[in-house]
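This is my_file_23.cif (mmCIF, C-alpha atoms and all ligand atoms).
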```cif
data_work
loop_
_atom_site.label_atom_id
_atom_site.label_comp_id
_atom_site.auth_asym_id
_atom_site.auth_seq_id
_atom_site.Cartn_x
_atom_site.Cartn_y
_atom_site.Cartn_z
CA MET A 1 30.38 -85.79 -55.56
CA ARG A 2 33.86 -84.32 -55.97
CA LYS A 3 34.89 -81.41 -53.76
CA ILE A 4 35.70 -78.02 -55.31
CA ILE A 5 38.90 -76.60 -53.81
CA LEU A 6 40.20 -73.14 -54.67
CA ALA A 7 43.68 -72.70 -53.23
CA GLY A 8 45.96 -69.69 -53.29
CA ASN A 9 49.69 -70.39 -53.09
CA TRP A 10 51.40 -67.24 -51.91
CA LYS A 11 54.88 -68.70 -52.49
CA MET A 12 57.49 -66.34 -50.93
CA TYR A 13 55.24 -63.29 -50.85
CA LYS A 14 53.79 -61.21 -48.00
CA THR A 15 54.97 -60.21 -44.57
CA GLN A 16 52.65 -60.72 -41.60
CA ALA A 17 51.38 -57.16 -41.88
CA GLU A 18 50.67 -57.63 -45.59
CA SER A 19 48.84 -60.89 -44.86
CA LEU A 20 46.54 -59.19 -42.38
CA GLU A 21 45.84 -56.39 -44.83
CA PHE A 22 44.85 -59.05 -47.37
CA VAL A 23 42.47 -60.73 -44.89
CA ASP A 24 40.75 -57.40 -44.21
CA GLY A 25 40.22 -56.80 -47.90
CA PHE A 26 39.24 -60.32 -48.84
CA MET A 27 36.84 -61.54 -46.13
CA PRO A 28 33.88 -59.30 -47.10
CA GLU A 29 34.16 -60.64 -50.67
CA LEU A 30 33.56 -64.19 -49.42
CA GLU A 31 30.03 -63.46 -48.25
CA ASN A 32 28.43 -64.52 -51.53
CA THR A 33 30.74 -67.43 -52.31
CA PRO A 34 28.78 -70.73 -52.44
CA THR A 35 29.48 -72.64 -49.25
CA GLU A 36 30.35 -75.88 -51.04
CA ARG A 37 33.51 -74.25 -52.43
CA GLU A 38 36.51 -74.86 -50.17
CA VAL A 39 38.76 -71.79 -50.03
CA VAL A 40 42.38 -72.34 -48.96
CA LEU A 41 45.35 -70.02 -48.52
CA CYS A 42 48.82 -71.60 -48.55
CA VAL A 43 51.00 -68.95 -46.96
CA PRO A 44 54.69 -68.69 -45.96
CA PHE A 45 55.57 -70.52 -42.73
CA THR A 46 56.20 -67.19 -40.99
CA ASN A 47 52.58 -66.13 -41.55
CA LEU A 48 50.82 -69.32 -40.47
CA SER A 49 50.24 -68.41 -36.81
CA VAL A 50 48.99 -64.90 -37.47
CA MET A 51 46.76 -66.14 -40.28
CA ALA A 52 45.38 -68.95 -38.10
CA ALA A 53 44.43 -66.40 -35.46
CA ASN A 54 42.84 -64.05 -37.98
CA LEU A 55 40.98 -66.72 -39.94
CA GLN A 56 39.54 -68.36 -36.82
CA GLY A 57 35.77 -68.66 -37.15
CA THR A 58 35.86 -68.09 -40.91
CA ARG A 59 35.45 -70.71 -43.64
CA VAL A 60 38.94 -70.13 -45.07
CA LYS A 61 41.29 -73.09 -44.55
CA LEU A 62 44.99 -72.67 -43.98
CA GLY A 63 47.73 -74.36 -45.97
CA ALA A 64 51.53 -74.62 -45.78
CA GLN A 65 53.87 -74.93 -48.75
CA ASN A 66 56.01 -77.87 -47.64
CA VAL A 67 56.45 -80.38 -44.80
CA HIS A 68 59.28 -82.69 -43.72
CA TRP A 69 58.73 -86.44 -43.27
CA GLU A 70 60.24 -86.65 -39.76
CA ASN A 71 58.42 -85.33 -36.68
CA GLU A 72 61.58 -83.66 -35.39
CA GLY A 73 65.33 -83.85 -35.78
CA ALA A 74 68.48 -82.16 -37.01
CA TYR A 75 67.04 -80.88 -40.30
CA THR A 76 67.92 -77.19 -40.38
CA GLY A 77 65.38 -75.12 -42.23
CA GLU A 78 62.66 -77.77 -42.30
CA ILE A 79 59.20 -77.83 -40.68
CA SER A 80 57.38 -80.96 -39.46
CA ALA A 81 53.76 -82.05 -39.67
CA PRO A 82 53.11 -81.78 -35.88
CA MET A 83 54.43 -78.19 -36.02
CA LEU A 84 51.85 -77.42 -38.70
CA THR A 85 48.88 -79.18 -37.12
CA GLU A 86 49.54 -77.44 -33.78
CA ILE A 87 48.93 -74.11 -35.53
CA GLY A 88 45.73 -75.34 -37.18
CA VAL A 89 47.02 -75.94 -40.70
CA ASN A 90 44.74 -78.17 -42.83
CA TYR A 91 46.48 -78.46 -46.22
CA VAL A 92 50.07 -78.68 -47.42
CA VAL A 93 51.43 -78.22 -50.94
CA ILE A 94 53.91 -81.01 -51.74
CA GLY A 95 56.11 -81.50 -54.78
CA HIS A 96 55.53 -78.08 -56.31
CA SER A 97 57.67 -77.72 -59.45
CA GLU A 98 59.62 -74.89 -57.80
CA ARG A 99 60.60 -77.27 -54.99
CA ARG A 100 61.53 -79.94 -57.52
CA GLN A 101 63.48 -77.50 -59.72
CA TYR A 102 65.32 -75.35 -57.16
CA PHE A 103 65.53 -77.44 -53.99
CA GLY A 104 66.26 -80.97 -55.14
CA GLU A 105 62.84 -82.43 -54.40
CA THR A 106 62.53 -85.93 -55.87
CA ASP A 107 59.60 -88.27 -56.30
CA GLU A 108 60.95 -90.28 -53.39
CA THR A 109 61.02 -87.30 -51.01
CA VAL A 110 57.65 -86.13 -52.31
CA ASN A 111 56.22 -89.53 -51.41
CA ARG A 112 57.75 -89.43 -47.92
CA ARG A 113 56.35 -85.95 -47.32
CA ILE A 114 52.85 -86.99 -48.44
CA LEU A 115 52.85 -90.02 -46.14
CA ALA A 116 53.97 -87.91 -43.17
CA ALA A 117 51.36 -85.24 -43.89
CA GLN A 118 48.56 -87.81 -44.04
CA LYS A 119 49.74 -89.56 -40.88
CA HIS A 120 49.17 -86.30 -39.02
CA GLY A 121 45.81 -85.48 -40.60
CA LEU A 122 47.01 -82.89 -43.09
CA THR A 123 45.62 -82.99 -46.63
CA PRO A 124 48.43 -83.01 -49.18
CA ILE A 125 48.08 -81.05 -52.42
CA LEU A 126 50.40 -83.03 -54.68
CA CYS A 127 51.68 -81.04 -57.68
CA VAL A 128 52.55 -82.79 -60.94
CA GLY A 129 53.22 -81.43 -64.41
CA GLU A 130 55.49 -81.42 -67.42
CA THR A 131 58.10 -78.99 -68.73
CA LYS A 132 57.80 -77.33 -72.14
CA GLN A 133 60.52 -79.61 -73.42
CA GLN A 134 58.64 -82.72 -72.28
CA ARG A 135 55.41 -81.44 -73.83
CA ASP A 136 57.13 -80.70 -77.15
CA ALA A 137 58.65 -84.18 -77.13
CA GLY A 138 55.22 -85.78 -76.63
CA GLU A 139 56.16 -86.93 -73.12
CA THR A 140 53.46 -85.16 -71.13
CA GLU A 141 51.48 -88.28 -70.25
CA SER A 142 54.44 -90.57 -69.59
CA HIS A 143 56.10 -87.98 -67.34
CA ILE A 144 52.98 -87.34 -65.29
CA PHE A 145 52.17 -91.05 -64.99
CA SER A 146 55.71 -91.67 -63.78
CA GLN A 147 55.38 -88.92 -61.16
CA LEU A 148 52.04 -90.32 -59.97
CA LYS A 149 53.34 -93.87 -59.77
CA GLN A 150 56.25 -92.88 -57.54
CA ASP A 151 54.61 -90.09 -55.54
CA LEU A 152 51.53 -92.11 -54.58
CA VAL A 153 53.16 -95.30 -53.22
CA GLY A 154 51.19 -96.25 -50.09
CA VAL A 155 49.19 -93.00 -50.17
CA ASP A 156 45.61 -92.86 -48.87
CA GLN A 157 43.60 -91.48 -51.78
CA SER A 158 40.67 -90.57 -49.55
CA ASN A 159 42.66 -87.64 -48.12
CA LEU A 160 44.43 -86.23 -51.15
CA VAL A 161 44.26 -83.37 -53.63
CA ILE A 162 46.23 -83.34 -56.88
CA ALA A 163 47.18 -80.19 -58.78
CA TYR A 164 48.04 -80.50 -62.47
CA GLU A 165 50.46 -77.65 -63.14
CA PRO A 166 52.14 -77.59 -66.56
CA ILE A 167 55.46 -75.98 -65.65
CA TRP A 168 55.52 -73.87 -68.80
CA ALA A 169 52.25 -72.22 -67.73
CA ILE A 170 53.38 -71.21 -64.22
CA GLY A 171 53.85 -67.47 -63.78
CA THR A 172 54.20 -66.97 -67.52
CA GLY A 173 50.72 -65.77 -68.47
CA ASP A 174 50.78 -68.68 -70.94
CA THR A 175 47.74 -70.65 -69.73
CA CYS A 176 47.22 -74.22 -70.85
CA ALA A 177 44.05 -74.31 -73.00
CA SER A 178 41.24 -75.29 -70.65
CA GLU A 179 40.20 -78.23 -72.87
CA GLU A 180 43.77 -79.53 -72.81
CA ALA A 181 44.00 -79.14 -69.03
CA ASN A 182 40.70 -81.00 -68.82
CA ARG A 183 42.04 -83.81 -71.00
CA VAL A 184 45.22 -84.27 -68.95
CA ILE A 185 43.30 -84.13 -65.68
CA GLY A 186 40.96 -86.82 -67.01
CA LEU A 187 44.00 -88.98 -67.74
CA ILE A 188 45.36 -88.38 -64.24
CA ARG A 189 41.99 -89.43 -62.81
CA SER A 190 42.06 -92.62 -64.85
CA LYS A 191 45.24 -93.64 -63.00
CA LEU A 192 43.77 -93.20 -59.51
CA ILE A 193 42.14 -95.83 -57.31
CA ASN A 194 39.72 -93.20 -56.00
CA SER A 195 38.13 -91.29 -58.87
CA ASP A 196 36.73 -88.73 -56.42
CA VAL A 197 40.15 -87.24 -55.61
CA PRO A 198 39.79 -83.50 -56.32
CA ILE A 199 42.14 -82.51 -59.16
CA GLN A 200 43.01 -78.85 -59.61
CA TYR A 201 44.52 -76.96 -62.50
CA GLY A 202 47.35 -74.49 -61.83
CA GLY A 203 49.32 -72.17 -64.11
CA SER A 204 48.48 -68.52 -64.89
CA VAL A 205 44.94 -68.79 -63.54
CA LYS A 206 43.45 -65.30 -63.38
CA PRO A 207 40.09 -63.49 -63.23
CA GLU A 208 39.96 -63.48 -67.04
CA ASN A 209 40.14 -67.27 -67.46
CA ILE A 210 38.70 -68.72 -64.23
CA ASP A 211 35.14 -69.11 -65.53
CA GLU A 212 36.25 -71.10 -68.54
CA ILE A 213 38.60 -73.29 -66.49
CA MET A 214 35.96 -74.10 -63.88
CA ALA A 215 33.42 -74.93 -66.60
CA GLN A 216 35.50 -78.00 -67.56
CA SER A 217 34.04 -81.29 -66.41
CA GLU A 218 37.23 -82.84 -64.95
CA ILE A 219 38.60 -79.75 -63.20
CA ASP A 220 37.71 -79.56 -59.51
CA GLY A 221 39.43 -76.34 -58.58
CA VAL A 222 42.56 -74.30 -59.05
CA LEU A 223 45.95 -73.73 -57.42
CA VAL A 224 46.73 -70.07 -57.97
CA GLY A 225 49.99 -68.17 -57.50
CA GLY A 226 50.15 -64.55 -58.64
CA ALA A 227 46.42 -63.91 -58.85
CA SER A 228 45.87 -65.03 -55.24
CA LEU A 229 47.94 -62.14 -53.90
CA THR A 230 45.36 -59.35 -54.08
CA PRO A 231 41.88 -59.46 -52.54
CA LYS A 232 40.38 -58.17 -55.79
CA SER A 233 41.69 -60.87 -58.13
CA TRP A 234 41.42 -63.68 -55.55
CA SER A 235 37.81 -62.84 -54.75
CA ARG A 236 36.93 -62.87 -58.47
CA ILE A 237 38.50 -66.33 -58.69
CA VAL A 238 36.66 -67.83 -55.71
CA ASN A 239 33.45 -66.23 -56.96
CA TYR A 240 33.77 -67.71 -60.45
CA GLN A 241 30.55 -67.98 -62.47
O1 LIG B 301 51.12 -72.88 -57.14
C1 LIG B 301 50.74 -72.14 -58.03
C2 LIG B 301 51.28 -72.23 -59.37
O2 LIG B 301 52.66 -72.36 -59.38
C3 LIG B 301 50.74 -71.25 -60.35
O3 LIG B 301 51.34 -69.98 -60.24
P1 LIG B 301 50.75 -68.78 -61.13
O4 LIG B 301 49.27 -68.75 -60.87
O5 LIG B 301 51.45 -67.56 -60.64
O6 LIG B 301 51.04 -69.12 -62.56
#
```

Step by step, read the file and then write its structure as structure tokens.
Ligand SMILES: O=C[C@H](O)COP(=O)(O)O
Amino acid sequence: MRKIILAGNWKMYKTQAESLEFVDGFMPELENTPTEREVVLCVPFTNLSVMAANLQGTRVKLGAQNVHWENEGAYTGEISAPMLTEIGVNYVVIGHSERRQYFGETDETVNRRILAAQKHGLTPILCVGETKQQRDAGETESHIFSQLKQDLVGVDQSNLVIAYEPIWAIGTGDTCASEEANRVIGLIRSKLINSDVPIQYGGSVKPENIDEIMAQSEIDGVLVGGASLTPKSWSRIVNYQ
């Protein structure tokens, strides 16, 4: 039985005060959410401690948005896995297209980050996906297979989540058709050793399309940016029909 994981990625949004306001608004909405659905919030590093304190005793799991492969060292601006686990972080987003595009993340560093996360008991959410240009050139599958091959070297597939995020669908309102997302996710699954790895879809997920996305047979959850930022839209997403 594959796990359903609904994860919000807040990216570089929300101060601590705004995070707490969100928790107040969102928690009552979780009361009717089926317990088998895992709900995760991947928040900015600066909000992890305050969120850990405020989510204690709730079913919401905490996620970070990146992790370095070393435990400590002269790596200005980076955060290590032991620093995250000390706070009570459970998940970490790795290889998001924004990290790959703006911050020089490569498949090699993505792989190193995943291995470090797993070594410390964190569950990596590995993001893969193609650009519009690659899709138009018919390179969607080859690009994603290449990412998987490099990113998953030596990775334990029993503690892993993958998010398929077509880059052209992120933050654009231009959702990938749910049948197409389902097809690509099925192909990703066919490349894995463990076919029970939860595979999410990400890219302009919103209250209006969540029911259709979650009705697809291969899709085990979603990684949501913009629509995870307000209690109203996020609660509609976790309470999909
Ligand atoms: O990590 C989340 C994705 O980048 C999707 O972002 P979005 O829901 O704002 O399109």

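What separates CA of Leu192 (chain A) from CA of Gln150 (chain A) is a distance of 12.6 Å.
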
Which residues come within 8 Å of Thr172 (chain A), counting only C-alpha atoms, excluding same-chain residues fewer than 3 positions away, as a PyMOL selection string?
chain A and resi 168-169+175+203-204

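The binding environment of ligand LIG 301 (chain B), defined as every protein, DNA or RNA residue with an atom no more than 7 Å away and counting all atoms listed in the file, comprises Asn9, His96, Glu165, Ala169, Ile170, Gly171, Thr172, Gly173, Gly202, Gly203, Ser204, Val205, Leu223, Val224, Gly225, Gly226 and Ala227 of chain A.
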
Residue contacts of region 29-37 of chain A (7 Å, only C-alpha atoms) excluding same-chain residues fewer than 3 positions away, as a PDB file with C-alpha atoms, keeping the file's coordinate frame:
```pdb
ATOM      1  CA  ILE A   4      35.700 -78.020 -55.310  1.00  0.00           C
ATOM      2  CA  ILE A   5      38.900 -76.600 -53.810  1.00  0.00           C
ATOM      3  CA  PHE A  26      39.240 -60.320 -48.840  1.00  0.00           C
ATOM      4  CA  SER A 235      37.810 -62.840 -54.750  1.00  0.00           C
ATOM      5  CA  VAL A 238      36.660 -67.830 -55.710  1.00  0.00           C
ATOM      6  CA  ASN A 239      33.450 -66.230 -56.960  1.00  0.00           C
TER       7      ASN A 239
END
```

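The interatomic distance for the pair CA of Lys11 (chain A) and CA of Gly88 (chain A) works out to 19.0 Å.
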
For Gly121 (chain A): contacts at 12 Å, all atoms listed in the file, fewer than 6 positions along chain excluded, given as an mmCIF file with C-alpha atoms, keeping the file's coordinate frame:
```cif
data_model
loop_
_atom_site.group_PDB
_atom_site.id
_atom_site.type_symbol
_atom_site.label_atom_id
_atom_site.label_comp_id
_atom_site.auth_asym_id
_atom_site.auth_seq_id
_atom_site.Cartn_x
_atom_site.Cartn_y
_atom_site.Cartn_z
ATOM 1 C CA ALA A 81 53.760 -82.050 -39.670
ATOM 2 C CA PRO A 82 53.110 -81.780 -35.880
ATOM 3 C CA LEU A 84 51.850 -77.420 -38.700
ATOM 4 C CA THR A 85 48.880 -79.180 -37.120
ATOM 5 C CA GLU A 86 49.540 -77.440 -33.780
ATOM 6 C CA GLY A 88 45.730 -75.340 -37.180
ATOM 7 C CA VAL A 89 47.020 -75.940 -40.700
ATOM 8 C CA ASN A 90 44.740 -78.170 -42.830
ATOM 9 C CA TYR A 91 46.480 -78.460 -46.220
ATOM 10 C CA VAL A 92 50.070 -78.680 -47.420
ATOM 11 C CA ILE A 114 52.850 -86.990 -48.440
ATOM 12 C CA LEU A 115 52.850 -90.020 -46.140
ATOM 13 C CA ASP A 156 45.610 -92.860 -48.870
ATOM 14 C CA SER A 158 40.670 -90.570 -49.550
ATOM 15 C CA ASN A 159 42.660 -87.640 -48.120
ATOM 16 C CA LEU A 160 44.430 -86.230 -51.150
#
```

Pick out the residues sitting within 10 Å of Val67 (chain A), and hand them over as a short mmCIF file (atom, residue, chain, number, x, y, z; two decimals) with C-alpha atoms, in the coordinates of the input; count all atoms listed in the file, and ignore anything fewer than 6 positions along from it in its own chain.
```
data_model
loop_
_atom_site.label_atom_id
_atom_site.label_comp_id
_atom_site.auth_asym_id
_atom_site.auth_seq_id
_atom_site.Cartn_x
_atom_site.Cartn_y
_atom_site.Cartn_z
CA GLU A 78 62.66 -77.77 -42.30
CA ILE A 79 59.20 -77.83 -40.68
CA SER A 80 57.38 -80.96 -39.46
CA ALA A 81 53.76 -82.05 -39.67
CA PRO A 82 53.11 -81.78 -35.88
CA MET A 83 54.43 -78.19 -36.02
CA LEU A 84 51.85 -77.42 -38.70
CA VAL A 92 50.07 -78.68 -47.42
CA VAL A 93 51.43 -78.22 -50.94
CA ILE A 94 53.91 -81.01 -51.74
CA VAL A 110 57.65 -86.13 -52.31
CA ARG A 112 57.75 -89.43 -47.92
CA ARG A 113 56.35 -85.95 -47.32
CA ILE A 114 52.85 -86.99 -48.44
CA ALA A 116 53.97 -87.91 -43.17
CA ALA A 117 51.36 -85.24 -43.89
CA LEU A 122 47.01 -82.89 -43.09
CA PRO A 124 48.43 -83.01 -49.18
#
```

Hey, can I get the axis-aligned box for region 212-225 of chain A? All listed atoms, 6 Å padding on each side, centre and edge lengths in Å to one decimal, as AutoDock Vina command-line options.
```
--center_x 41.7 --center_y -75.5 --center_z -63.0 --size_x 28.6 --size_y 26.7 --size_z 23.1
```

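Minimum atom-to-atom distance to Glu208 (chain A), evaluated using all atoms listed in the file, belongs to A:Arg236 out of A:Arg236, A:Asn54, A:Phe145, A:Ile167.
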
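Separating CA of Pro198 (chain A) from CA of Gly57 (chain A) is a distance of 24.6 Å.
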
Would you kindly return, as a PyMOL selection string, each protein, DNA or RNA residue with an atom no farther than 10 Å from any atom of Ala181 (chain A), considering all atoms listed in the file and excluding same-chain residues fewer than 3 positions away?
chain A and resi 164-166+175-178+184-187+200-202+213+216+218-219

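Of the residues under consideration (A:Arg99, A:Arg183, A:Lys149, A:Arg2), A:Arg2 shows the shortest atom-to-atom contact distance to Glu38 (chain A) when counting only C-alpha atoms.
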
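Residue nearest Leu152 (chain A) within the list A:Ser228, A:Gln65, A:Ser217, A:Gln118: A:Gln118 [criterion: smallest interatomic distance, all atoms listed in the file].
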
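Proximity to Ile193 (chain A) was assessed for A:Pro44, A:Gly104, A:Gly154, A:Gly73 counting all atoms listed in the file; the smallest distance is recorded for A:Gly154.
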
Which of these, A:Met27, A:Ala7, A:Val222, A:Ala17, has the shortest distance to Gly63 (chain A) once you count only C-alpha atoms?
A:Ala7

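Proximity to Asn66 (chain A) was assessed for A:Lys232, A:Arg100, A:Lys132, A:Lys14 counting only C-alpha atoms; the smallest distance is recorded for A:Arg100.
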